[in-house]
file structure-v4.cif (mmCIF, C-alpha atoms)
data_model
loop_
_atom_site.label_atom_id
_atom_site.label_comp_id
_atom_site.auth_asym_id
_atom_site.auth_seq_id
_atom_site.Cartn_x
_atom_site.Cartn_y
_atom_site.Cartn_z
CA GLN L 1 -42.90 22.11 6.47
CA ASN L 2 -46.25 23.46 7.69
CA ASP L 3 -48.50 21.78 5.12
CA GLY L 4 -51.83 21.07 6.75
CA CYS L 5 -50.81 22.76 10.01
CA ARG L 6 -53.01 25.58 11.29
CA THR L 7 -51.97 28.42 13.58
CA LEU L 8 -54.37 28.89 16.46
CA SER L 9 -54.56 31.38 19.31
CA LEU L 10 -54.83 30.46 22.97
CA SER L 11 -57.78 31.57 25.04
CA ALA L 12 -55.84 31.21 28.29
CA HIS L 13 -52.36 30.46 29.64
CA VAL L 14 -51.23 26.86 29.16
CA GLY L 15 -47.65 26.83 30.49
CA PHE L 16 -45.44 25.46 27.68
CA ASP L 17 -43.67 28.80 27.55
CA SER L 18 -41.48 27.40 30.31
CA LEU L 19 -39.76 25.04 27.86
CA PRO L 20 -36.71 27.34 27.38
CA ASP L 21 -36.24 27.49 31.15
CA GLN L 22 -36.44 23.70 31.33
CA LEU L 23 -33.79 23.38 28.64
CA VAL L 24 -31.56 25.84 30.46
CA ARG L 25 -31.86 23.93 33.73
CA LYS L 26 -31.23 20.61 31.99
CA SER L 27 -28.19 21.98 30.15
CA ILE L 28 -26.75 23.46 33.33
CA LYS L 29 -27.24 20.17 35.14
CA HIS L 30 -25.62 18.15 32.37
CA GLY L 31 -22.83 20.63 31.69
CA PHE L 32 -21.08 21.57 28.46
CA CYS L 33 -18.01 20.41 26.61
CA PHE L 34 -15.63 22.39 24.45
CA ASN L 35 -12.59 21.06 22.60
CA VAL L 36 -9.73 23.23 21.39
CA LEU L 37 -6.97 22.15 19.01
CA CYS L 38 -3.74 24.16 19.17
CA ILE L 39 -1.46 23.84 16.16
CA GLY L 40 1.91 25.53 16.13
CA GLU L 41 5.63 25.05 16.26
CA THR L 42 7.34 23.99 19.46
CA GLY L 43 7.90 26.93 21.79
CA ILE L 44 5.47 29.33 20.13
CA GLY L 45 3.42 29.77 23.32
CA LYS L 46 0.48 27.36 23.01
CA SER L 47 0.41 26.35 26.68
CA ALA L 48 0.88 29.92 27.92
CA LEU L 49 -1.99 31.18 25.78
CA MET L 50 -4.38 28.44 26.92
CA SER L 51 -3.59 29.25 30.54
CA SER L 52 -4.16 32.95 29.86
CA LEU L 53 -7.45 32.40 28.01
CA PHE L 54 -9.06 30.30 30.75
CA ASN L 55 -7.26 31.87 33.73
CA THR L 56 -6.06 28.45 34.80
CA ASN L 57 -2.54 27.13 35.09
CA PHE L 58 -2.63 23.94 33.01
CA GLU L 59 0.25 21.72 34.04
CA ASP L 60 2.02 20.53 30.92
CA SER L 61 5.37 18.85 30.46
CA PRO L 62 7.75 20.53 28.00
CA SER L 63 8.07 18.92 24.59
CA THR L 64 11.21 18.06 22.71
CA HIS L 65 12.39 19.10 19.24
CA PHE L 66 13.66 15.64 18.27
CA LEU L 67 10.48 13.70 17.47
CA SER L 68 10.44 11.74 14.23
CA SER L 69 6.79 12.64 13.55
CA VAL L 70 4.06 14.97 14.76
CA GLN L 71 2.16 13.77 17.83
CA LEU L 72 -1.01 15.06 19.46
CA ARG L 73 -1.38 15.36 23.21
CA ALA L 74 -4.86 15.77 24.72
CA GLN L 75 -5.60 17.12 28.18
CA THR L 76 -9.13 17.22 29.66
CA CYS L 77 -10.17 19.14 32.73
CA GLU L 78 -13.39 20.42 34.30
CA LEU L 79 -13.90 24.14 34.88
CA GLN L 80 -16.76 25.78 36.75
CA GLU L 81 -17.84 29.39 36.51
CA SER L 82 -20.87 30.40 38.60
CA ASN L 83 -23.14 27.34 38.25
CA VAL L 84 -22.00 26.37 34.74
CA LEU L 85 -19.74 23.33 34.37
CA LEU L 86 -17.47 23.13 31.34
CA LYS L 87 -15.49 20.04 30.35
CA LEU L 88 -12.58 21.51 28.45
CA THR L 89 -10.27 19.41 26.27
CA ILE L 90 -7.09 20.99 24.93
CA VAL L 91 -5.24 19.11 22.19
CA LYS L 92 -1.74 20.31 21.32
CA THR L 93 0.59 19.33 18.53
CA VAL L 94 3.98 18.08 19.72
CA GLY L 95 6.91 18.27 17.31
CA PHE L 96 5.02 20.21 14.64
CA GLY L 97 7.50 21.83 12.23
CA ASP L 98 10.58 20.15 13.77
CA GLN L 99 11.11 17.48 11.10
CA MET L 100 13.44 17.91 8.14
CA ASN L 101 10.72 16.73 5.75
CA LYS L 102 7.59 18.71 6.62
CA ALA L 103 5.50 17.60 3.63
CA ASP L 104 3.23 15.28 5.64
CA SER L 105 3.29 17.09 8.99
CA TYR L 106 -0.43 17.82 8.72
CA GLN L 107 -1.48 14.19 8.15
CA PRO L 108 -1.48 13.11 11.85
CA ILE L 109 -3.69 16.12 12.63
CA VAL L 110 -6.17 15.22 9.87
CA ASP L 111 -6.21 11.60 11.07
CA TYR L 112 -6.88 12.72 14.64
CA ILE L 113 -9.86 14.89 13.65
CA ASP L 114 -11.29 12.09 11.51
CA ALA L 115 -10.79 9.62 14.37
CA GLN L 116 -12.94 11.78 16.67
CA PHE L 117 -15.66 11.95 14.00
CA GLU L 118 -15.44 8.18 13.54
CA ALA L 119 -15.72 7.53 17.29
CA TYR L 120 -18.86 9.67 17.49
CA LEU L 121 -20.33 7.94 14.42
CA GLU L 122 -19.70 4.51 15.95
CA GLU L 123 -21.48 5.59 19.13
CA GLU L 124 -24.35 6.99 17.07
CA LEU L 125 -24.79 3.77 15.10
CA LYS L 126 -24.87 1.49 18.13
CA VAL L 127 -28.04 -0.40 18.92
CA ILE L 128 -27.89 0.75 22.53
CA ARG L 129 -26.33 4.20 22.49
CA SER L 130 -25.83 6.82 25.18
CA LEU L 131 -25.10 10.07 23.36
CA PHE L 132 -26.38 12.09 26.32
CA SER L 133 -23.57 10.86 28.57
CA TYR L 134 -21.04 10.33 25.77
CA HIS L 135 -17.87 12.42 26.04
CA ASP L 136 -17.85 14.27 22.73
CA THR L 137 -14.24 14.72 21.61
CA ARG L 138 -14.93 16.35 18.24
CA ILE L 139 -12.76 19.43 17.76
CA HIS L 140 -14.83 22.61 17.98
CA VAL L 141 -12.15 25.17 17.17
CA CYS L 142 -8.58 25.07 15.87
CA LEU L 143 -6.27 27.85 16.99
CA TYR L 144 -3.53 27.94 14.37
CA PHE L 145 -0.39 29.66 15.68
CA ILE L 146 1.57 31.61 13.08
CA SER L 147 5.20 32.48 13.74
CA PRO L 148 5.74 36.25 14.10
CA THR L 149 8.18 36.52 11.20
CA GLY L 150 6.55 39.65 9.80
CA ARG L 151 7.03 38.37 6.24
CA SER L 152 4.52 35.79 5.03
CA LEU L 153 2.98 32.42 5.77
CA LYS L 154 5.17 29.35 5.50
CA THR L 155 4.42 26.55 3.10
CA ILE L 156 3.62 24.21 6.00
CA ASP L 157 1.04 26.73 7.25
CA LEU L 158 -0.73 26.87 3.90
CA LEU L 159 -0.70 23.08 3.45
CA THR L 160 -2.01 22.42 6.95
CA MET L 161 -4.80 24.99 6.90
CA ARG L 162 -5.86 23.93 3.40
CA SER L 163 -6.19 20.31 4.54
CA LEU L 164 -8.17 21.28 7.68
CA ASP L 165 -10.52 24.05 6.53
CA SER L 166 -13.19 21.51 5.49
CA LYS L 167 -13.03 19.64 8.81
CA VAL L 168 -12.72 22.19 11.62
CA ASN L 169 -13.21 25.87 12.47
CA ILE L 170 -9.82 27.55 11.98
CA ILE L 171 -8.95 30.77 13.78
CA PRO L 172 -5.48 32.02 12.79
CA ILE L 173 -3.51 33.76 15.52
CA ILE L 174 -0.04 35.25 15.65
CA GLY L 175 1.87 33.79 18.58
CA LYS L 176 4.27 35.88 20.67
CA ALA L 177 3.09 39.03 18.91
CA ASP L 178 5.15 41.19 21.27
CA SER L 179 8.28 40.25 19.31
CA ILE L 180 7.43 42.58 16.41
CA SER L 181 6.45 46.24 16.33
CA LYS L 182 2.85 47.45 15.93
CA THR L 183 3.47 48.78 12.44
CA GLU L 184 4.98 45.48 11.29
CA LEU L 185 2.15 43.63 13.01
CA GLN L 186 -0.58 45.44 11.09
CA GLU L 187 1.20 44.86 7.80
CA PHE L 188 1.73 41.23 8.72
CA LYS L 189 -2.00 40.79 9.44
CA LYS L 190 -2.95 42.20 6.05
CA LYS L 191 -0.42 39.99 4.30
CA ILE L 192 -1.70 36.88 6.10
CA MET L 193 -5.34 37.56 5.18
CA SER L 194 -4.35 38.28 1.58
CA GLU L 195 -2.44 34.99 1.31
CA LEU L 196 -5.31 33.03 2.87
CA ILE L 197 -7.77 34.48 0.35
CA SER L 198 -5.46 33.98 -2.63
CA ASN L 199 -4.89 30.32 -1.66
CA GLY L 200 -8.60 29.65 -1.16
CA ILE L 201 -8.30 28.78 2.54
CA GLN L 202 -11.54 29.17 4.49
CA ILE L 203 -11.15 30.36 8.07
CA TYR L 204 -13.84 30.78 10.68
CA GLN L 205 -15.79 34.02 10.40
CA PHE L 206 -17.66 35.14 13.49
CA PRO L 207 -21.39 35.15 12.63
CA THR L 208 -23.08 38.45 11.92
CA ASP L 209 -26.65 37.22 11.39
CA ASP L 210 -27.52 37.44 15.10
CA GLU L 211 -28.51 41.00 15.99
CA THR L 212 -27.22 40.72 19.55
CA VAL L 213 -23.61 40.05 18.47
CA SER L 214 -23.57 41.17 14.83
CA GLU L 215 -21.90 44.50 15.52
CA ILE L 216 -19.12 43.22 17.75
CA ASN L 217 -18.51 40.20 15.50
CA THR L 218 -18.25 42.43 12.43
CA ILE L 219 -15.61 44.52 14.19
CA THR L 220 -13.81 41.41 15.42
CA ASN L 221 -13.64 39.89 11.94
CA GLY L 222 -11.58 42.91 10.96
CA HIS L 223 -9.00 42.07 13.65
CA LEU L 224 -8.22 38.61 12.24
CA PRO L 225 -5.71 37.11 12.70
CA PHE L 226 -5.48 37.79 16.42
CA ALA L 227 -2.10 38.92 17.74
CA VAL L 228 -1.81 37.20 21.12
CA VAL L 229 0.56 37.16 24.06
CA GLY L 230 0.25 34.58 26.82
CA SER L 231 1.64 34.65 30.33
CA MET L 232 0.66 33.52 33.82
CA GLU L 233 3.32 35.59 35.53
CA LYS L 234 2.06 38.52 37.57
CA VAL L 235 3.85 41.85 37.59
CA LYS L 236 3.18 44.65 40.04
CA ILE L 237 2.18 47.84 38.28
CA GLY L 238 1.33 50.58 40.74
CA ASN L 239 -0.83 48.98 43.41
CA LYS L 240 -2.12 46.15 41.20
CA MET L 241 -0.80 42.75 40.19
CA VAL L 242 -1.50 42.05 36.53
CA ARG L 243 -0.60 39.24 34.13
CA ALA L 244 2.16 40.53 31.92
CA ARG L 245 5.51 39.87 30.33
CA GLN L 246 8.29 42.07 31.60
CA TYR L 247 11.18 43.11 29.38
CA PRO L 248 14.07 45.53 29.86
CA TRP L 249 12.32 47.99 27.57
CA GLY L 250 8.89 47.75 29.18
CA ILE L 251 5.90 45.59 30.18
CA VAL L 252 3.37 43.88 27.90
CA LYS L 253 0.02 43.41 29.65
CA VAL L 254 -1.73 40.25 28.57
CA GLU L 255 -5.22 41.59 29.32
CA ASN L 256 -4.70 45.03 27.83
CA GLU L 257 -6.37 45.24 24.40
CA SER L 258 -4.02 47.99 23.29
CA HIS L 259 -1.06 45.62 23.85
CA CYS L 260 -2.44 42.39 22.34
CA ASP L 261 -5.65 40.63 21.22
CA THR L 262 -5.74 37.95 23.92
CA VAL L 263 -8.83 39.44 25.58
CA LYS L 264 -10.56 39.79 22.20
CA LEU L 265 -9.90 36.13 21.45
CA ARG L 266 -11.23 35.06 24.85
CA ARG L 267 -14.36 37.20 24.47
CA MET L 268 -15.05 35.91 20.97
CA LEU L 269 -14.57 32.28 21.96
CA CYS L 270 -17.00 32.59 24.85
CA THR L 271 -19.53 34.68 22.92
CA ASN L 272 -19.61 32.36 19.91
CA MET L 273 -18.96 29.04 21.65
CA GLU L 274 -22.36 27.61 20.71
CA ASP L 275 -21.94 28.72 17.09
CA LEU L 276 -18.57 26.94 16.98
CA ARG L 277 -20.29 23.80 18.27
CA GLU L 278 -23.00 24.13 15.61
CA LYS L 279 -20.45 24.53 12.83
CA THR L 280 -18.63 21.45 14.14
CA ARG L 281 -21.86 19.48 13.88
CA ALA L 282 -22.11 20.62 10.25
CA TYR L 283 -18.57 19.35 9.57
CA TYR L 284 -19.51 16.08 11.26
CA GLU L 285 -22.62 15.73 9.10
CA LEU L 286 -20.45 16.05 6.00
CA TYR L 287 -18.08 13.36 7.32
CA ARG L 288 -21.03 11.15 8.29
CA ARG L 289 -22.58 11.50 4.84
CA CYS L 290 -19.36 10.47 3.09
CA ARG L 291 -18.85 7.48 5.40
CA LEU L 292 -22.42 6.21 4.98
CA GLU L 293 -22.26 6.64 1.21
CA LYS L 294 -19.10 4.54 1.17
CA LEU L 295 -20.99 1.89 3.11
CA GLY L 296 -23.67 1.91 0.39
CA CYS L 297 -26.40 3.79 2.27
CA ARG L 298 -28.59 6.02 0.08
CA ASP L 299 -31.66 8.17 0.69
CA ILE L 300 -32.74 8.00 -2.96
CA GLY L 301 -32.96 4.89 -5.10
CA PRO L 302 -32.11 4.40 -8.80
CA GLU L 303 -35.40 6.01 -9.90
CA ASN L 304 -34.98 9.02 -7.56
CA LYS L 305 -37.48 7.56 -5.16
CA PRO L 306 -37.01 7.73 -1.37
CA VAL L 307 -35.40 4.65 0.11
CA SER L 308 -35.89 3.71 3.73
CA LEU L 309 -33.00 2.63 5.90
CA GLN L 310 -34.63 -0.77 6.33
CA GLU L 311 -34.60 -1.31 2.55
CA VAL L 312 -30.94 -0.35 2.39
CA ILE L 313 -30.10 -2.74 5.23
CA GLU L 314 -32.07 -5.56 3.59
CA ALA L 315 -30.36 -4.96 0.25
CA LYS L 316 -26.96 -4.99 1.94
CA ARG L 317 -27.88 -8.12 3.85
CA LEU L 318 -28.99 -9.87 0.63
CA GLU L 319 -25.77 -8.81 -1.10
CA PHE L 320 -23.78 -10.08 1.86
CA PHE L 321 -25.58 -13.45 1.88
CA LEU L 322 -25.05 -13.88 -1.88
CA GLU L 323 -21.37 -13.13 -1.47
CA MET L 324 -21.16 -15.61 1.41
CA GLU L 325 -22.90 -18.29 -0.66
CA ARG L 326 -20.48 -17.71 -3.53
CA LYS L 327 -17.48 -17.99 -1.24
CA GLU L 328 -18.97 -21.07 0.42
CA GLU L 329 -19.43 -22.73 -2.98
CA GLU L 330 -15.82 -21.97 -3.92
CA ILE L 331 -14.61 -23.44 -0.63
CA LYS L 332 -16.71 -26.57 -1.21
CA GLN L 333 -15.30 -27.02 -4.71
CA ARG L 334 -11.74 -26.67 -3.46
CA PHE L 335 -12.50 -29.12 -0.67
CA VAL L 336 -13.96 -31.69 -3.07
CA GLN L 337 -10.95 -31.30 -5.38
CA ARG L 338 -8.53 -31.89 -2.53
CA VAL L 339 -10.55 -34.90 -1.33
CA ASN L 340 -10.44 -36.42 -4.82
CA GLU L 341 -6.67 -35.85 -5.05
CA LYS L 342 -6.18 -37.47 -1.64
CA ALA L 343 -8.41 -40.40 -2.63
CA ALA L 344 -6.37 -40.98 -5.79
CA MET L 345 -3.16 -40.97 -3.75
CA LEU L 346 -4.63 -43.48 -1.30
CA GLU L 347 -5.87 -45.70 -4.10
CA GLU L 348 -2.42 -45.78 -5.67
CA ALA L 349 -0.88 -46.61 -2.30
CA GLU L 350 -3.42 -49.41 -1.79
CA GLN L 351 -2.64 -50.84 -5.22
CA GLN L 352 1.03 -50.90 -4.39
CA ALA L 353 0.29 -52.48 -1.00
CA SER L 354 -1.95 -55.19 -2.53
CA MET L 355 0.73 -56.26 -5.08
CA PRO L 356 1.59 -60.05 -4.68
CA VAL L 357 4.76 -60.99 -2.83
CA LEU L 358 6.09 -62.95 -5.79
CA THR L 359 5.64 -60.00 -8.10
CA LYS L 360 7.49 -57.82 -5.64
CA PHE L 361 10.30 -60.42 -5.45
CA GLU L 362 10.55 -60.59 -9.24
CA HIS L 363 10.63 -56.81 -9.36
CA LEU L 364 13.47 -56.75 -6.84
CA MET L 365 15.33 -59.48 -8.76
CA LEU L 366 15.14 -57.45 -11.96
CA ILE L 367 16.50 -54.46 -10.12
CA HIS L 368 19.28 -56.67 -8.68
CA GLN L 369 20.20 -58.01 -12.10
CA GLU L 370 20.35 -54.51 -13.56
CA GLU L 371 22.62 -53.47 -10.74
CA GLU L 372 24.86 -56.53 -11.34
CA LEU L 373 25.14 -55.67 -15.03
CA LYS L 374 26.10 -52.10 -14.20
CA LEU L 375 28.68 -53.29 -11.67
CA GLY L 376 30.11 -55.80 -14.23
CA GLU L 377 30.55 -53.05 -16.76
CA LYS L 378 32.27 -50.87 -14.20
CA LYS L 379 34.51 -53.82 -13.21
CA LYS L 380 35.52 -54.42 -16.83
CA LEU L 381 36.38 -50.75 -17.27
CA LEU L 382 38.54 -50.86 -14.13
CA GLU L 383 40.36 -54.01 -15.30
CA ASP L 384 41.13 -52.39 -18.67
CA GLU L 385 42.49 -49.34 -16.91
CA ILE L 386 44.69 -51.57 -14.66
CA ALA L 387 46.10 -53.46 -17.70
CA GLN L 388 46.88 -50.20 -19.43
CA PHE L 389 48.56 -48.97 -16.27
CA PHE L 390 50.84 -52.04 -15.99
CA GLU L 391 51.70 -51.84 -19.70
CA LYS L 392 52.74 -48.21 -19.35
CA LYS L 393 54.72 -49.14 -16.22
CA ALA L 394 56.68 -51.86 -18.05
CA ILE L 395 57.54 -49.55 -20.92
CA THR L 396 58.70 -46.88 -18.49
CA GLU L 397 60.96 -49.34 -16.61
CA LEU L 398 62.51 -50.58 -19.90
CA ILE L 399 63.34 -47.07 -21.00
CA GLN L 400 64.91 -46.30 -17.62
CA SER L 401 67.10 -49.46 -17.78
CA GLN L 402 68.39 -48.60 -21.26
CA VAL L 403 69.32 -45.13 -20.13
CA SER L 404 71.24 -46.47 -17.11
CA VAL L 405 73.32 -48.92 -19.32
CA SER L 406 74.40 -46.28 -21.84
CA THR L 407 75.52 -43.81 -19.21
CA PRO L 408 78.64 -45.83 -17.87
CA VAL L 409 80.03 -46.44 -21.41
CA VAL L 410 80.09 -42.78 -22.16
CA SER L 411 81.83 -42.06 -18.89
CA LEU L 412 84.59 -44.66 -19.58
CA LYS L 413 85.31 -43.17 -22.98
CA THR L 414 85.66 -39.77 -21.46
CA GLN L 415 88.10 -41.01 -18.83
CA GLY L 416 90.33 -42.68 -21.57
CA LEU L 417 90.57 -39.48 -23.57
CA GLN L 418 91.58 -37.55 -20.54
CA LYS L 419 94.42 -40.10 -19.80
CA VAL L 420 95.80 -39.96 -23.33
CA SER L 421 95.99 -36.24 -23.29
CA ALA L 422 97.83 -36.30 -19.97
CA ASP L 423 100.56 -38.69 -21.34
CA ALA L 424 101.16 -36.53 -24.34
#

call {"tool": "encode", "arguments": {"input": "structure-v4.cif", "output": "structure tokens"}}
result
Amino acid sequence: QNDGCRTLSLSAHVGFDSLPDQLVRKSIKHGFCFNVLCIGETGIGKSALMSSLFNTNFEDSPSTHFLSSVQLRAQTCELQESNVLLKLTIVKTVGFGDQMNKADSYQPIVDYIDAQFEAYLEEELKVIRSLFSYHDTRIHVCLYFISPTGRSLKTIDLLTMRSLDSKVNIIPIIGKADSISKTELQEFKKKIMSELISNGIQIYQFPTDDETVSEINTITNGHLPFAVVGSMEKVKIGNKMVRARQYPWGIVKVENESHCDTVKLRRMLCTNMEDLREKTRAYYELYRRCRLEKLGCRDIGPENKPVSLQEVIEAKRLEFFLEMERKEEEIKQRFVQRVNEKAAMLEEAEQQASMPVLTKFEHLMLIHQEEELKLGEKKKLLEDEIAQFFEKKAITELIQSQVSVSTPVVSLKTQGLQKVSADA
């Protein structure tokens, strides 16, 4: 906005044309940071490619295939080229694509990217902040490794890239591209780009608005996705030692553009590194806007009038105090209710304690008499049961005695009959 600003010409040299040089010196002194996220299945060549891109052997422990969920492993190191210092952070996915249920494999990656945005936002909102010396861990570029199947993208690839394209710059690459032929590779590239477009997935396009790099970036955009091969092993070819992968059928040179796109990827990353950082800041601004809107911060009021941050803070503070007063009143009411209940209980206990001794004795006597009456009734019931028992016992004994008397008579008659028959 240049309203009210005039353009004047200088009559002599002033010296503020040295500002770019000052910025360059300050940037070189402070150094730069660049963060790379590598997403791909276990064993697809993430570590080998990173070592090949930055000509450094990054020590990394091998990962296992038996993790229950996807994990992210970050490694930070400082690299220096000429007088430029670069703090490089490489974040790799461990166990990606190894689970039986791959539906939520992308969620830990999304959470990690959001966590880096949140950490930067917290530092930015501090009263005493130090963004100049703060280690920025926001992801600047995501290298998504695609398996060289030669057929199509997997469902997990589409789901992951769709969930990340609004948060990070995605550059799709085909890992271990030397495992398929050149003809299959070109067809595979076309199929990948077609599927990305049909599924509405936005990948990073190298900028073409800058005249200095527009031509090379336009050509490079036609090579997406990059077919890469990574290796730190050196093979002697003629009188030279070159980085390559040696097979029984031949040698694949890592830094030969006719063999793979590793050099193209390295050149494009270095040429457009600042643009990747700028795009990351744009993604962060979108995240920051959403977070502040959730917190209730607005730039425009109900009547579409500008609202200052101080007004928003005061409104939030007033709302907070009103909420606290409401909760405090509720707590007071509950406290008074409990105090009244406790007072009633104490009053009842005092009334019982102040009861005269005679009244207590009479009360106990009544209880004793009631207990005696109950015991008398029980005693009478027991006596009746005992009388009935003895009566039944006497009847039983009488019946048994009658049976025992009749039994010998019958036996004597039987013996007499037997004797008579014997005499006859």

call {"tool": "atom_distance", "arguments": {"input": "structure-v4.cif", "atom1": "atom CA of L:Ile139", "atom2": "atom CA of L:Cys270"}}
result
15.5 Å

call {"tool": "atom_distance", "arguments": {"input": "structure-v4.cif", "atom1": "atom CA of L:Ile219", "atom2": "atom CA of L:Glu278"}}
result
21.7 Å

call {"tool": "atom_distance", "arguments": {"input": "structure-v4.cif", "atom1": "atom CA of L:Leu364", "atom2": "atom CA of L:Lys378"}}
result
21.0 Å

call {"tool": "closest_residue", "arguments": {"input": "structure-v4.cif", "among": "L:Ile203, L:Ile146, L:Met241, L:Val312", "to": "L:Lys46", "atoms": "all atoms listed in the file"}}
result
L:Ile146

call {"tool": "resolve_selection", "arguments": {"input": "structure-v4.cif", "expression": "the PyMOL selection byres ((chain L and resi 282) around 12)", "output": "list in words"}}
result
Phe117, Arg138, His140, Ser166, Lys167, Val168, Asn169, Asp275, Leu276, Arg277, Glu278, Lys279, Thr280, Arg281, Tyr283, Tyr284, Glu285, Leu286, Tyr287, Arg288 and Arg289 of chain L

call {"tool": "axis_aligned_box", "arguments": {"input": "structure-v4.cif", "around": "stretch 99-110 of chain L", "padding_each_side": "6 Å", "output": "AutoDock Vina command-line options"}}
result
--center_x 3.6 --center_y 15.9 --center_z 8.1 --size_x 31.6 --size_y 17.6 --size_z 21.0

call {"tool": "closest_residue", "arguments": {"input": "structure-v4.cif", "among": "L:Ser52, L:Thr42, L:Thr7, L:Thr218", "to": "L:Arg243", "atoms": "only C-alpha atoms"}}
result
L:Ser52

call {"tool": "residues_near_point", "arguments": {"input": "structure-v4.cif", "point": "(3.5, 33.5, 2.1)", "cutoff": "8 Å", "atoms": "only C-alpha atoms", "output": "PyMOL selection string"}}
result
chain L and resi 151-155+191-192+195

call {"tool": "residues_around", "arguments": {"input": "structure-v4.cif", "residues": "L:Phe96", "least_positions_apart": "3", "cutoff": "6 Å", "atoms": "all atoms listed in the file", "output": "VMD selection string"}}
result
chain L and resid 41 70 93

call {"tool": "residues_around", "arguments": {"input": "structure-v4.cif", "residues": "L:Arg162", "least_positions_apart": "5", "cutoff": "10 Å", "atoms": "all atoms listed in the file", "output": "ChimeraX atom specification"}}
result
/L:106,156-157,167,196,199-203

call {"tool": "residues_around", "arguments": {"input": "structure-v4.cif", "residues": "L:Thr149", "least_positions_apart": "4", "cutoff": "10 Å", "atoms": "all atoms listed in the file", "output": "number ranges by chain"}}
result
L: 153-154, 174, 177, 179-180, 184-185, 188

call {"tool": "resolve_selection", "arguments": {"input": "structure-v4.cif", "expression": "the PyMOL selection byres ((chain L and resi 58) around 9)", "output": "PDB file with C-alpha atoms, in the coordinates of the input"}}
result
ATOM      1  CA  SER L  47       0.410  26.350  26.680  1.00  0.00           C
ATOM      2  CA  ALA L  48       0.880  29.920  27.920  1.00  0.00           C
ATOM      3  CA  MET L  50      -4.380  28.440  26.920  1.00  0.00           C
ATOM      4  CA  SER L  51      -3.590  29.250  30.540  1.00  0.00           C
ATOM      5  CA  THR L  56      -6.060  28.450  34.800  1.00  0.00           C
ATOM      6  CA  ASN L  57      -2.540  27.130  35.090  1.00  0.00           C
ATOM      7  CA  GLU L  59       0.250  21.720  34.040  1.00  0.00           C
ATOM      8  CA  ASP L  60       2.020  20.530  30.920  1.00  0.00           C
ATOM      9  CA  GLN L  75      -5.600  17.120  28.180  1.00  0.00           C
ATOM     10  CA  CYS L  77     -10.170  19.140  32.730  1.00  0.00           C
TER      11      CYS L  77
END

call {"tool": "closest_residue", "arguments": {"input": "structure-v4.cif", "among": "L:Gln337, L:Ser231, L:Ser404, L:Asn256", "to": "L:Phe54", "atoms": "only C-alpha atoms"}}
result
L:Ser231

call {"tool": "closest_residue", "arguments": {"input": "structure-v4.cif", "among": "L:Leu318, L:Ala227, L:Met345, L:Val127", "to": "L:Asp261", "atoms": "only C-alpha atoms"}}
result
L:Ala227

call {"tool": "resolve_selection", "arguments": {"input": "structure-v4.cif", "expression": "the PyMOL selection byres ((chain L and resi 245) around 9)", "output": "list in words"}}
result
Val229, Gly230, Ser231, Met232, Glu233, Lys234, Val235, Arg243, Ala244, Gln246, Tyr247, Gly250, Ile251, Val252, Lys253 and Val254 of chain L

call {"tool": "residues_near_point", "arguments": {"input": "structure-v4.cif", "point": "(-3.0, 35.9, 16.9)", "cutoff": "7 Å", "atoms": "only C-alpha atoms", "output": "ChimeraX atom specification"}}
result
/L:145,172-175,225-228,261

call {"tool": "closest_residue", "arguments": {"input": "structure-v4.cif", "among": "L:Asp136, L:Asp210, L:His368, L:Ile90", "to": "L:Glu124", "atoms": "only C-alpha atoms"}}
result
L:Asp136

call {"tool": "decode", "arguments": {"input": "structure-v4.cif", "residues": "stretch 36-42 of chain L", "atoms": "N, CA, C and O atoms", "output": "mmCIF file, in the first residue's frame"}}
result
data_model
loop_
_atom_site.group_PDB
_atom_site.id
_atom_site.type_symbol
_atom_site.label_atom_id
_atom_site.label_comp_id
_atom_site.auth_asym_id
_atom_site.auth_seq_id
_atom_site.Cartn_x
_atom_site.Cartn_y
_atom_site.Cartn_z
ATOM 1 N N VAL L 36 13.675 -32.631 6.077
ATOM 2 C CA VAL L 36 13.179 -33.542 5.052
ATOM 3 C C VAL L 36 12.451 -34.699 5.733
ATOM 4 O O VAL L 36 12.971 -35.295 6.683
ATOM 5 N N LEU L 37 11.257 -34.993 5.248
ATOM 6 C CA LEU L 37 10.482 -36.132 5.729
ATOM 7 C C LEU L 37 10.472 -37.205 4.650
ATOM 8 O O LEU L 37 10.068 -36.942 3.511
ATOM 9 N N CYS L 38 10.923 -38.396 4.999
ATOM 10 C CA CYS L 38 10.974 -39.525 4.061
ATOM 11 C C CYS L 38 9.903 -40.537 4.459
ATOM 12 O O CYS L 38 9.957 -41.094 5.556
ATOM 13 N N ILE L 39 8.958 -40.749 3.560
ATOM 14 C CA ILE L 39 7.874 -41.693 3.811
ATOM 15 C C ILE L 39 7.988 -42.828 2.805
ATOM 16 O O ILE L 39 8.056 -42.593 1.597
ATOM 17 N N GLY L 40 8.017 -44.030 3.306
ATOM 18 C CA GLY L 40 8.098 -45.190 2.422
ATOM 19 C C GLY L 40 8.159 -46.468 3.221
ATOM 20 O O GLY L 40 8.412 -46.467 4.436
ATOM 21 N N GLU L 41 7.915 -47.554 2.542
ATOM 22 C CA GLU L 41 7.930 -48.852 3.195
ATOM 23 C C GLU L 41 9.337 -49.213 3.662
ATOM 24 O O GLU L 41 10.334 -48.671 3.164
ATOM 25 N N THR L 42 9.410 -50.116 4.598
ATOM 26 C CA THR L 42 10.698 -50.557 5.129
ATOM 27 C C THR L 42 11.505 -51.258 4.037
ATOM 28 O O THR L 42 11.005 -52.154 3.359
#
